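Novice: mmCIF, C-alpha atoms and all ligand atoms, saved as target00.cif, coming up:
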data_data
loop_
_atom_site.label_atom_id
_atom_site.label_comp_id
_atom_site.auth_asym_id
_atom_site.auth_seq_id
_atom_site.Cartn_x
_atom_site.Cartn_y
_atom_site.Cartn_z
CA MET A 2 0.00 0.00 0.00
CA SER A 3 1.15 3.57 -0.48
CA VAL A 4 1.61 5.79 2.52
CA ALA A 5 2.51 9.43 2.93
CA LEU A 6 4.95 9.75 5.79
CA THR A 7 5.84 13.26 6.86
CA LEU A 8 9.17 13.42 8.63
CA THR A 9 10.17 16.98 7.80
CA GLU A 10 8.66 19.86 9.72
CA PRO A 11 6.35 22.05 7.69
CA ARG A 12 6.91 25.72 8.44
CA PRO A 13 4.18 27.38 10.48
CA ARG A 14 2.38 29.85 8.22
CA LYS A 15 2.37 32.52 10.89
CA ALA A 16 4.30 32.65 14.16
CA ALA A 17 2.23 31.89 17.26
CA PRO A 18 1.71 34.87 19.57
CA ARG A 19 4.27 35.23 22.36
CA HIS A 20 3.16 33.51 25.57
CA LEU A 21 4.84 33.17 28.93
CA ALA A 22 4.90 29.38 28.60
CA ASP A 23 7.34 29.82 25.71
CA LEU A 24 9.66 32.01 27.80
CA ASP A 25 11.87 31.36 30.79
CA LEU A 26 11.84 33.61 33.85
CA ALA A 27 14.41 36.02 32.38
CA GLY A 28 12.54 36.18 29.06
CA CYS A 29 9.33 36.92 30.92
CA GLN A 30 11.04 39.65 32.94
CA SER A 31 12.48 41.29 29.85
CA VAL A 32 9.05 41.45 28.16
CA LEU A 33 7.67 43.00 31.35
CA SER A 34 10.39 45.63 31.37
CA GLU A 35 9.55 46.48 27.72
CA ILE A 36 6.05 47.41 28.82
CA GLY A 37 7.25 49.29 31.90
CA GLN A 38 6.38 46.61 34.47
CA PRO A 39 8.63 45.59 37.36
CA PRO A 40 10.41 42.22 37.06
CA PHE A 41 8.70 40.75 40.14
CA ARG A 42 5.47 40.53 38.14
CA ALA A 43 7.01 37.58 36.30
CA LYS A 44 6.78 35.46 39.42
CA GLN A 45 3.21 36.61 40.07
CA LEU A 46 2.19 35.69 36.54
CA ARG A 47 3.92 32.33 36.64
CA ASN A 48 2.34 31.54 40.00
CA GLN A 49 -1.10 32.35 38.64
CA TYR A 50 -0.63 30.48 35.38
CA PHE A 51 1.28 27.38 36.48
CA GLY A 52 0.15 27.24 40.09
CA ARG A 53 -3.50 28.28 39.85
CA HIS A 54 -4.22 27.57 36.18
CA VAL A 55 -5.43 31.09 35.54
CA GLY A 56 -4.60 32.03 31.95
CA ASP A 57 -6.41 35.38 31.73
CA ALA A 58 -4.59 38.42 33.11
CA ASN A 59 -7.93 40.15 33.73
CA LEU A 60 -8.67 37.57 36.43
CA MET A 61 -5.35 38.10 38.24
CA THR A 62 -6.36 40.21 41.20
CA ASP A 63 -2.79 40.53 42.43
CA LEU A 64 -1.96 42.65 39.36
CA PRO A 65 -2.86 46.34 39.33
CA ALA A 66 -6.17 46.66 37.46
CA ALA A 67 -4.76 49.29 35.09
CA ALA A 68 -1.88 47.03 34.02
CA ARG A 69 -3.79 43.80 33.43
CA GLU A 70 -4.69 44.41 29.82
CA ALA A 71 -1.18 45.35 28.73
CA ILE A 72 0.33 42.41 30.61
CA GLY A 73 -2.23 40.06 29.11
CA GLU A 74 -1.51 41.26 25.59
CA ALA A 75 2.24 40.96 26.08
CA LEU A 76 2.41 37.57 27.81
CA LEU A 77 -0.95 35.82 28.04
CA PRO A 78 -2.71 35.91 24.67
CA ARG A 79 -5.45 33.30 24.31
CA LEU A 80 -3.72 30.43 22.51
CA LEU A 81 -6.60 27.95 22.54
CA ASP A 82 -9.98 29.21 21.45
CA PRO A 83 -12.58 26.71 22.64
CA VAL A 84 -14.73 25.58 19.73
CA ARG A 85 -16.57 22.76 21.48
CA LEU A 86 -16.70 21.08 24.87
CA ASP A 87 -18.53 17.75 24.81
CA ASP A 88 -18.93 15.25 27.58
CA CYS A 89 -20.08 11.67 28.00
CA ASP A 90 -19.65 8.75 30.43
CA ASN A 91 -21.78 10.67 32.98
CA GLY A 92 -19.59 13.73 32.69
CA GLU A 93 -16.44 11.75 33.50
CA THR A 94 -15.07 12.17 29.98
CA VAL A 95 -14.83 15.63 28.45
CA LYS A 96 -13.48 16.39 24.99
CA ALA A 97 -12.33 19.89 24.07
CA VAL A 98 -11.78 21.07 20.52
CA TRP A 99 -9.48 24.09 20.32
CA ARG A 100 -8.87 26.50 17.48
CA LEU A 101 -5.30 27.81 17.32
CA HIS A 102 -4.27 31.31 16.19
CA ASP A 103 -3.87 30.19 12.58
CA GLY A 104 -7.14 28.27 12.43
CA ALA A 105 -5.65 24.81 13.02
CA LEU A 106 -7.82 22.61 15.26
CA VAL A 107 -6.62 20.26 17.97
CA GLU A 108 -8.35 18.20 20.65
CA SER A 109 -7.75 17.30 24.29
CA VAL A 110 -9.70 14.78 26.37
CA ILE A 111 -10.17 14.75 30.15
CA MET A 112 -10.93 11.38 31.78
CA ALA A 113 -11.92 11.18 35.43
CA TYR A 114 -11.33 7.86 37.24
CA PRO A 115 -11.78 7.06 40.93
CA ASP A 116 -8.03 7.27 41.58
CA ARG A 117 -6.82 9.79 39.00
CA ILE A 118 -7.76 12.44 36.50
CA THR A 119 -6.02 12.13 33.18
CA ALA A 120 -5.68 14.64 30.38
CA CYS A 121 -4.96 13.25 26.93
CA VAL A 122 -3.24 16.04 25.01
CA SER A 123 -2.14 16.70 21.44
CA SER A 124 1.43 17.40 20.37
CA GLN A 125 0.76 18.27 16.73
CA ALA A 126 -2.14 19.53 14.63
CA GLY A 127 -2.79 16.43 12.57
CA CYS A 128 -0.15 13.71 12.30
CA GLY A 129 2.31 12.63 9.65
CA MET A 130 2.60 9.00 10.67
CA ALA A 131 -0.27 7.79 8.44
CA CYS A 132 -1.35 4.76 10.53
CA PRO A 133 -4.31 3.52 8.47
CA PHE A 134 -6.59 2.70 11.44
CA CYS A 135 -6.21 6.10 13.14
CA ALA A 136 -8.52 9.01 12.28
CA THR A 137 -5.86 11.65 12.93
CA GLY A 138 -3.43 9.88 10.62
CA GLN A 139 -5.81 10.16 7.66
CA GLY A 140 -5.61 13.95 7.44
CA GLY A 141 -1.82 14.25 7.44
CA LEU A 142 0.25 16.73 9.42
CA THR A 143 -0.78 20.37 9.61
CA ARG A 144 1.97 21.57 11.93
CA ASN A 145 3.83 21.08 15.18
CA LEU A 146 2.32 22.67 18.27
CA THR A 147 4.45 25.16 20.17
CA THR A 148 5.51 24.39 23.73
CA ALA A 149 2.98 26.92 25.02
CA GLU A 150 0.18 25.35 22.93
CA ILE A 151 0.97 21.97 24.48
CA VAL A 152 1.25 23.28 28.05
CA ASP A 153 -1.86 25.45 27.67
CA GLN A 154 -3.91 22.33 26.90
CA VAL A 155 -2.80 20.92 30.24
CA VAL A 156 -3.56 24.20 32.05
CA ASN A 157 -7.01 24.40 30.45
CA CYS A 158 -7.77 20.75 31.22
CA ALA A 159 -6.76 21.30 34.86
CA ARG A 160 -9.05 24.33 35.04
CA ILE A 161 -11.98 22.53 33.38
CA ALA A 162 -11.55 19.48 35.64
CA ALA A 163 -11.61 21.74 38.70
CA GLU A 164 -14.57 23.82 37.47
CA ARG A 165 -16.58 20.70 36.83
CA GLY A 166 -15.85 19.32 40.26
CA LEU A 167 -13.96 16.33 38.83
CA GLY A 168 -10.92 17.09 40.99
CA ARG A 169 -7.25 17.79 40.52
CA LEU A 170 -5.59 16.80 37.27
CA SER A 171 -3.02 14.13 38.13
CA ASN A 172 -1.95 12.41 34.90
CA ILE A 173 -0.99 13.47 31.39
CA VAL A 174 -0.87 11.17 28.38
CA PHE A 175 0.52 12.33 25.04
CA MET A 176 -2.02 10.21 23.20
CA GLY A 177 -4.02 12.94 21.52
CA MET A 178 -3.35 14.14 18.00
CA GLY A 179 0.16 13.88 16.63
CA GLU A 180 3.40 12.03 17.14
CA PRO A 181 5.03 13.65 20.20
CA LEU A 182 8.56 12.50 19.39
CA ALA A 183 8.31 14.07 15.91
CA ASN A 184 7.97 17.41 17.74
CA TRP A 185 10.87 16.68 20.05
CA ALA A 186 12.22 20.14 20.98
CA ARG A 187 8.78 21.50 21.88
CA LEU A 188 7.78 18.29 23.65
CA LYS A 189 10.95 18.30 25.72
CA ALA A 190 10.36 21.88 26.87
CA ALA A 191 6.71 21.07 27.61
CA LEU A 192 7.70 18.04 29.71
CA ARG A 193 9.96 20.31 31.77
CA LEU A 194 7.18 22.84 32.31
CA ILE A 195 4.69 20.13 33.23
CA THR A 196 7.01 18.62 35.84
CA ASP A 197 9.03 21.59 37.20
CA PRO A 198 7.73 22.80 40.56
CA VAL A 199 5.49 25.87 40.76
CA PRO A 200 6.16 28.70 39.83
CA ASP A 201 8.58 27.41 37.17
CA GLY A 202 6.12 24.77 35.99
CA LEU A 203 2.95 22.89 36.83
CA GLY A 204 4.58 20.70 39.45
CA MET A 205 3.11 17.41 38.21
CA SER A 206 4.86 14.11 38.85
CA ALA A 207 6.90 12.88 35.87
CA ARG A 208 5.79 9.38 36.82
CA HIS A 209 2.26 10.41 35.96
CA VAL A 210 3.19 11.56 32.45
CA THR A 211 3.14 9.14 29.51
CA VAL A 212 4.67 9.82 26.11
CA SER A 213 3.26 7.55 23.41
CA THR A 214 5.17 7.00 20.18
CA VAL A 215 5.02 5.02 16.95
CA GLY A 216 8.67 4.19 17.68
CA LEU A 217 10.98 6.95 16.46
CA VAL A 218 14.09 5.16 17.66
CA PRO A 219 16.61 8.05 17.85
CA ALA A 220 14.09 10.22 19.71
CA ILE A 221 13.40 7.44 22.23
CA GLY A 222 17.11 7.63 23.01
CA ARG A 223 16.87 11.40 23.46
CA LEU A 224 13.91 11.00 25.80
CA ALA A 225 15.87 8.46 27.85
CA ALA A 226 18.78 10.90 28.11
CA GLU A 227 16.54 13.61 29.57
CA GLY A 228 16.61 11.98 32.98
CA LEU A 229 12.88 12.51 33.46
CA PRO A 230 11.10 9.37 34.69
CA VAL A 231 8.13 9.69 32.33
CA THR A 232 6.44 6.53 31.10
CA LEU A 233 7.20 5.52 27.53
CA ALA A 234 4.38 3.91 25.57
CA VAL A 235 5.21 2.26 22.26
CA SER A 236 2.43 1.75 19.72
CA LEU A 237 3.42 -1.68 18.49
CA HIS A 238 0.17 -3.14 17.11
CA ALA A 239 1.97 -6.10 15.51
CA PRO A 240 4.86 -8.34 16.61
CA ASP A 241 6.05 -9.01 13.03
CA ASP A 242 7.49 -6.56 10.51
CA GLU A 243 5.32 -7.71 7.67
CA LEU A 244 2.10 -6.60 9.36
CA ARG A 245 3.61 -3.67 11.26
CA ASP A 246 4.92 -2.19 7.99
CA GLU A 247 1.27 -1.81 7.06
CA LEU A 248 -0.27 -0.79 10.40
CA VAL A 249 2.48 1.60 11.50
CA PRO A 250 4.19 2.72 8.28
CA ILE A 251 7.25 4.18 10.05
CA ASN A 252 8.13 0.53 10.68
CA THR A 253 9.61 0.49 7.20
CA ARG A 254 12.30 2.76 8.69
CA TRP A 255 12.68 1.33 12.21
CA LYS A 256 11.77 -2.35 12.56
CA VAL A 257 10.08 -4.12 15.47
CA ALA A 258 13.41 -5.39 16.84
CA GLU A 259 14.99 -1.92 16.78
CA VAL A 260 11.96 -0.30 18.39
CA LEU A 261 11.89 -2.90 21.16
CA ASP A 262 15.64 -2.55 21.73
CA ALA A 263 15.13 1.20 22.17
CA ALA A 264 12.28 0.48 24.58
CA TRP A 265 14.40 -1.90 26.70
CA GLU A 266 17.20 0.65 26.75
CA TYR A 267 14.65 3.23 27.93
CA ALA A 268 13.50 0.88 30.69
CA SER A 269 17.06 0.20 31.80
CA VAL A 270 18.06 3.88 31.89
CA THR A 271 14.88 5.15 33.59
CA LYS A 272 13.90 2.03 35.58
CA ARG A 273 10.40 2.70 34.28
CA ARG A 274 8.12 -0.04 32.99
CA VAL A 275 7.46 0.50 29.28
CA SER A 276 3.89 0.25 27.96
CA ILE A 277 3.19 -1.56 24.72
CA GLU A 278 0.05 -0.35 22.98
CA TYR A 279 -1.71 -2.90 20.81
CA ALA A 280 -5.01 -2.05 19.08
CA MET A 281 -7.00 -5.26 18.70
CA ILE A 282 -8.14 -5.37 15.07
CA ARG A 283 -10.43 -8.21 14.05
CA ASP A 284 -8.73 -10.83 11.85
CA VAL A 285 -5.80 -8.46 11.27
CA ASN A 286 -3.48 -8.66 14.29
CA ASP A 287 -5.48 -10.69 16.83
CA GLN A 288 -4.50 -14.29 15.93
CA PRO A 289 -3.32 -16.63 18.72
CA TRP A 290 0.05 -17.06 16.98
CA ARG A 291 0.60 -13.31 17.07
CA ALA A 292 -0.17 -13.31 20.81
CA ASP A 293 2.44 -16.04 21.27
CA LEU A 294 5.01 -14.20 19.16
CA LEU A 295 4.37 -10.99 21.09
CA GLY A 296 4.70 -12.92 24.35
CA GLU A 297 8.09 -14.29 23.23
CA LEU A 298 9.34 -10.81 22.35
CA LEU A 299 8.24 -9.29 25.65
CA ALA A 300 8.76 -12.11 28.17
CA GLY A 301 11.08 -11.20 31.03
CA LYS A 302 11.15 -7.49 30.21
CA LEU A 303 10.08 -4.49 32.31
CA VAL A 304 6.90 -4.11 30.30
CA HIS A 305 3.12 -3.89 30.44
CA VAL A 306 0.80 -4.52 27.49
CA ASN A 307 -2.23 -2.31 26.96
CA LEU A 308 -4.65 -3.86 24.52
CA ILE A 309 -6.94 -1.22 23.00
CA PRO A 310 -10.19 -2.43 21.44
CA LEU A 311 -10.06 -0.82 17.99
CA ASN A 312 -12.29 2.21 17.69
CA PRO A 313 -13.55 1.98 14.12
CA THR A 314 -13.01 5.27 12.28
CA PRO A 315 -15.19 6.58 9.43
CA GLY A 316 -14.59 4.74 6.19
CA SER A 317 -12.32 2.17 7.79
CA ARG A 318 -12.54 -1.44 6.69
CA TRP A 319 -11.46 -2.58 10.14
CA ASP A 320 -13.36 -3.53 13.26
CA ALA A 321 -12.59 -4.42 16.87
CA SER A 322 -11.77 -8.02 17.76
CA PRO A 323 -14.56 -10.11 19.29
CA LYS A 324 -14.36 -10.26 23.10
CA ALA A 325 -13.56 -14.00 23.09
CA VAL A 326 -10.63 -13.44 20.73
CA GLU A 327 -9.44 -10.58 22.90
CA ALA A 328 -9.69 -12.76 26.03
CA GLU A 329 -7.62 -15.50 24.40
CA PHE A 330 -4.99 -12.94 23.36
CA VAL A 331 -4.79 -11.72 26.98
CA ARG A 332 -4.59 -15.30 28.25
CA ARG A 333 -1.66 -16.17 26.00
CA LEU A 334 0.28 -13.03 26.88
CA ARG A 335 -0.23 -13.66 30.59
CA ALA A 336 0.76 -17.29 30.16
CA ALA A 337 4.04 -15.99 28.74
CA GLY A 338 4.46 -14.00 31.95
CA VAL A 339 3.64 -10.64 30.37
CA SER A 340 1.53 -8.24 32.44
CA THR A 341 -1.47 -7.34 30.26
CA THR A 342 -4.67 -5.32 30.58
CA VAL A 343 -7.40 -4.20 28.21
CA ARG A 344 -7.91 -0.46 28.10
CA ASP A 345 -11.37 0.87 28.81
CA THR A 346 -12.93 2.69 25.91
CA ARG A 347 -13.73 6.16 27.14
CA GLY A 348 -15.25 8.90 25.05
CA GLN A 349 -16.55 6.84 22.12
CA GLU A 350 -19.86 8.70 21.84
CA ILE A 351 -18.12 12.04 21.47
CA ASP A 352 -15.42 10.80 19.09
CA GLY A 353 -12.97 11.28 21.91
CA ALA A 354 -11.62 7.74 22.12
CA CYS A 355 -8.18 6.51 21.03
CA GLY A 356 -7.62 7.22 17.37
CA GLN A 357 -10.89 9.09 16.87
CA LEU A 358 -9.48 12.59 17.11
CA ALA A 359 -9.81 14.32 13.77
CA ALA A 360 -11.11 17.83 14.39
CA SER A 361 -9.85 19.33 11.16
CA VAL A 362 -11.57 16.73 9.04
CA ARG A 363 -14.92 16.94 10.77
CA GLU A 364 -14.90 20.71 11.12
CA ALA A 365 -14.88 21.20 7.37
CA GLY A 366 -18.50 20.12 7.13
CA SER A 367 -19.96 21.61 10.31
CA PRO A 368 -21.13 25.16 11.04
CA SER A 369 -18.47 27.40 12.52
CA THR A 370 -18.64 28.08 16.21
CA ALA A 371 -15.48 30.20 16.21
CA GLY A 372 -15.28 32.79 18.90
CA ALA A 373 -17.69 31.07 21.29
CA LYS A 374 -17.04 32.11 24.86
CA PRO A 375 -16.56 29.26 27.32
CA GLY A 376 -20.04 29.80 28.78
CA GLU A 377 -21.65 29.59 25.35
CA LEU A 378 -20.11 26.31 24.39
CA SER A 379 -22.29 23.43 23.46
CA SER A 380 -22.22 20.67 25.99
CA THR A 381 -23.75 17.44 24.83
CA GLY A 382 -23.74 13.89 26.06
CA ALA A 383 -25.39 11.57 28.50
CA ALA A 384 -24.90 13.78 31.50
CA SER A 385 -26.49 16.92 30.18
N1 LIG B 1 1.44 9.08 17.76
C1 LIG B 1 1.39 8.50 19.08
C2 LIG B 1 0.14 8.91 19.84
C3 LIG B 1 -1.09 8.42 19.13
S1 LIG B 1 -2.60 8.09 19.92
C4 LIG B 1 1.42 6.99 18.95
O1 LIG B 1 1.18 6.49 17.87
O2 LIG B 1 1.67 6.33 19.93
C5 LIG B 1 -2.39 6.89 21.14
C6 LIG B 1 -2.73 5.47 20.79
O3 LIG B 1 -3.99 5.26 20.16
C7 LIG B 1 -1.69 4.87 19.86
O4 LIG B 1 -1.29 3.64 20.39
C8 LIG B 1 -2.49 4.67 18.60
O5 LIG B 1 -1.94 3.68 17.78
C9 LIG B 1 -3.84 4.29 19.15
N2 LIG B 1 -4.90 4.36 18.15
C10 LIG B 1 -4.93 5.11 17.04
N3 LIG B 1 -6.07 4.89 16.35
C11 LIG B 1 -6.78 3.99 17.06
C12 LIG B 1 -8.05 3.38 16.87
N4 LIG B 1 -8.81 3.69 15.82
N5 LIG B 1 -8.47 2.50 17.79
C13 LIG B 1 -7.71 2.21 18.87
N6 LIG B 1 -6.52 2.76 19.11
C14 LIG B 1 -6.04 3.64 18.21
#
Rewrite the structure from the file as structure tokens, please.
Ligand code: SAH
Specialist:
Amino acid sequence: MSVALTLTEPRPRKAAPRHLADLDLAGCQSVLSEIGQPPFRAKQLRNQYFGRHVGDANLMTDLPAAAREAIGEALLPRLLDPVRLDDCDNGETVKAVWRLHDGALVESVIMAYPDRITACVSSQAGCGMACPFCATGQGGLTRNLTTAEIVDQVVNCARIAAERGLGRLSNIVFMGMGEPLANWARLKAALRLITDPVPDGLGMSARHVTVSTVGLVPAIGRLAAEGLPVTLAVSLHAPDDELRDELVPINTRWKVAEVLDAAWEYASVTKRRVSIEYAMIRDVNDQPWRADLLGELLAGKLVHVNLIPLNPTPGSRWDASPKAVEAEFVRRLRAAGVSTTVRDTRGQEIDGACGQLAASVREAGSPSTAGAKPGELSSTGAAS
């Protein structure tokens, strides 16, 4: 089959507006001095933004009222314009669609569980990896997100989770739109801001952050060298190169064995258990012999397998595996000594489940809701 892999970075058409999450403390102070504000305001702003998840200078009561607008314009422009907020699963799953300054659309999903609240965030608008079962992959790559656009999704998700009474955001998974390791420099800076203590960052635990990748081998090495104990998730989806070449086209560049070697190296450097993602696709990758082969590859390693029931995407010829087939796959992996669970399927009704995120595609045919204020957003789903 023919695939269109995008490994080069397309140039953003227009630079994103300057935001404090793209600046360090000194950079923030120098912008403040340009607009005649004292340097100590940098710490106030960073405390409000990273510590309290307030992104609007007009709401920062510790700033002089007369200075709020100028400070907001200089350092806190609205990066993510909310286009839609939808919820389902009794309000425990919320999907946000954001419009960026240049019109690109990205999505984030909040999932509340009894023991944690997870935000699934995007690292790129679109994706260049062209996995044929993934909705995002069908539209190609629009552009990389900036560090501030990544971090601002987390800040907004934390605020929404708190406003809705879901609780405090505890976990971040880079499993939204895009291939995070193809946007390495921005991802790396975002990981720092997510995990640095307030007021330099959001103060979240690196152990509660997961970076999911198709298996860009050199970048897995770079992530390992960062010394941040984030969880690495590898989207394997097939234990053999023949099938993986088709399901995850980048496999034609880095083979199963190389990707797994990089994963084991990651585990050994970070002492973190690596996750293997495996979408269960009926009669495609769910045969007992593939379970056994996967078990052989993973046995004895610091690894956990997450089986994801395939979420069928529009126009796809593929379907999820029957439950009995899935159960047998789990049984064989466990018999090989490999820790395995099946992921719950959150957000299906609102197209917010794994691989369903495709805002740019869907938006083309729906009426524009650009410029909606948060209070005016549509909120649909079982709970409302
Ligand atoms: N580019 C990263 C993040 C993608 S989304 C990566 O590939 O890992 C996170 C996970 O959802 C990946 O494992 C991806 O393969 C999986 N996924 C994509 N489409 C899916 C679908 N239709 N059903 C189930 N899982 C899917």
Novice: Write as a PyMOL selection string the residues around ligand LIG 1 (chain B), taking 6 Å as the cut-off and counting all atoms listed in the file.
Specialist: chain A and resi 134-135+176-177+179-180+213-215+235-236+278+280+309-314+355-357
Novice: Please identify all polymer residues within 7 Å of segment 96-100 of chain A, counting only C-alpha atoms, omitting same-chain residues fewer than 5 positions from it, and present them as JSON, numbers by chain.
Specialist: {"A": [81, 82, 83, 84, 85, 86, 87, 88, 105, 106, 107, 108, 109, 110, 111, 353, 360]}
Novice: List every residue of segment 203-308 of chain A that has an atom at most 12 Å from any atom of segment 140-159 of chain A, giving for each one its closest atom pair and the distance in Å to one decimal, counting all atoms listed in the file, sorted by chain and then by ascending residue number, as a tab-separated table.
Specialist:
residue	atom	partner	partner_atom	distance
A:Leu203	CA	A:Val156	CA	8.2
A:Gly204	CA	A:Val156	CA	11.5
A:Met205	CA	A:Val155	CA	10.5
A:Val210	CA	A:Val155	CA	11.3
Novice: With C-alpha atoms kept, could you save the residues just selected as a compact mmCIF listing (two decimals), keeping the file's coordinate frame?
Specialist:
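As written to disk, again-v8.txt reads:
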# COMPACT_ATOMS: atom_id res chain seq x y z
CA LEU A 203 2.95 22.89 36.83
CA GLY A 204 4.58 20.70 39.45
CA MET A 205 3.11 17.41 38.21
CA VAL A 210 3.19 11.56 32.45
Novice: Find, counting only C-alpha atoms, the residue in A:Tyr50, A:Tyr114, A:Phe41, A:Trp185 that gets nearest to Ala22 of chain A.
Specialist: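 Distance minimum relative to Ala22 of chain A lands on A:Tyr50.
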Novice: Please write as a list of chain:residue names the list of polymer residues whose atoms come within 7 Å of (9.3, -12.9, 31.7), counting all atoms listed in the file and keeping to the coordinates of the file.
Specialist: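 Final list of nearby residues, as requested, is A:Ala300, A:Gly301, A:Lys302, A:Ala337, A:Gly338, A:Val339.
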Novice: Just give me the gap between atom CA of Ala120 of chain A and atom CA of Thr211 of chain A in Å, one decimal is fine.
Specialist: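 If I compute the distance from atom CA of Ala120 of chain A to atom CA of Thr211 of chain A, I get 10.4 Å.
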Novice: May I ask you to restore N, CA, C and O atoms in segment 268-280 of chain A and write the result as a PDB file, in the coordinates of the input?
Specialist:
ATOM      1  N   ALA A 268      13.849   1.468  29.399  1.00  0.00           N
ATOM      2  CA  ALA A 268      13.500   0.880  30.690  1.00  0.00           C
ATOM      3  C   ALA A 268      14.745   0.765  31.577  1.00  0.00           C
ATOM      4  O   ALA A 268      14.685   1.011  32.788  1.00  0.00           O
ATOM      5  N   SER A 269      15.871   0.415  30.975  1.00  0.00           N
ATOM      6  CA  SER A 269      17.060   0.200  31.800  1.00  0.00           C
ATOM      7  C   SER A 269      17.634   1.534  32.302  1.00  0.00           C
ATOM      8  O   SER A 269      18.077   1.640  33.440  1.00  0.00           O
ATOM      9  N   VAL A 270      17.558   2.568  31.474  1.00  0.00           N
ATOM     10  CA  VAL A 270      18.060   3.880  31.890  1.00  0.00           C
ATOM     11  C   VAL A 270      17.128   4.504  32.947  1.00  0.00           C
ATOM     12  O   VAL A 270      17.586   5.082  33.931  1.00  0.00           O
ATOM     13  N   THR A 271      15.823   4.420  32.726  1.00  0.00           N
ATOM     14  CA  THR A 271      14.880   5.150  33.590  1.00  0.00           C
ATOM     15  C   THR A 271      14.316   4.285  34.717  1.00  0.00           C
ATOM     16  O   THR A 271      13.669   4.802  35.619  1.00  0.00           O
ATOM     17  N   LYS A 272      14.516   2.977  34.637  1.00  0.00           N
ATOM     18  CA  LYS A 272      13.900   2.030  35.580  1.00  0.00           C
ATOM     19  C   LYS A 272      12.372   2.071  35.528  1.00  0.00           C
ATOM     20  O   LYS A 272      11.690   1.658  36.466  1.00  0.00           O
ATOM     21  N   ARG A 273      11.847   2.598  34.437  1.00  0.00           N
ATOM     22  CA  ARG A 273      10.400   2.700  34.280  1.00  0.00           C
ATOM     23  C   ARG A 273       9.893   1.566  33.403  1.00  0.00           C
ATOM     24  O   ARG A 273      10.485   1.259  32.363  1.00  0.00           O
ATOM     25  N   ARG A 274       8.753   0.998  33.787  1.00  0.00           N
ATOM     26  CA  ARG A 274       8.120  -0.040  32.990  1.00  0.00           C
ATOM     27  C   ARG A 274       7.591   0.581  31.696  1.00  0.00           C
ATOM     28  O   ARG A 274       6.900   1.603  31.725  1.00  0.00           O
ATOM     29  N   VAL A 275       7.924  -0.014  30.579  1.00  0.00           N
ATOM     30  CA  VAL A 275       7.460   0.500  29.280  1.00  0.00           C
ATOM     31  C   VAL A 275       6.084  -0.090  28.992  1.00  0.00           C
ATOM     32  O   VAL A 275       5.805  -1.244  29.304  1.00  0.00           O
ATOM     33  N   SER A 276       5.201   0.741  28.399  1.00  0.00           N
ATOM     34  CA  SER A 276       3.890   0.250  27.960  1.00  0.00           C
ATOM     35  C   SER A 276       3.949  -0.095  26.486  1.00  0.00           C
ATOM     36  O   SER A 276       4.544   0.642  25.700  1.00  0.00           O
ATOM     37  N   ILE A 277       3.344  -1.201  26.139  1.00  0.00           N
ATOM     38  CA  ILE A 277       3.190  -1.560  24.720  1.00  0.00           C
ATOM     39  C   ILE A 277       1.711  -1.423  24.377  1.00  0.00           C
ATOM     40  O   ILE A 277       0.868  -2.047  25.021  1.00  0.00           O
ATOM     41  N   GLU A 278       1.436  -0.558  23.406  1.00  0.00           N
ATOM     42  CA  GLU A 278       0.050  -0.350  22.980  1.00  0.00           C
ATOM     43  C   GLU A 278      -0.228  -1.297  21.800  1.00  0.00           C
ATOM     44  O   GLU A 278       0.590  -1.402  20.879  1.00  0.00           O
ATOM     45  N   TYR A 279      -1.388  -1.935  21.858  1.00  0.00           N
ATOM     46  CA  TYR A 279      -1.710  -2.900  20.810  1.00  0.00           C
ATOM     47  C   TYR A 279      -3.214  -2.810  20.551  1.00  0.00           C
ATOM     48  O   TYR A 279      -4.021  -3.254  21.378  1.00  0.00           O
ATOM     49  N   ALA A 280      -3.592  -2.162  19.443  1.00  0.00           N
ATOM     50  CA  ALA A 280      -5.010  -2.050  19.080  1.00  0.00           C
ATOM     51  C   ALA A 280      -5.462  -3.399  18.536  1.00  0.00           C
ATOM     52  O   ALA A 280      -4.837  -3.945  17.629  1.00  0.00           O
TER      53      ALA A 280
END
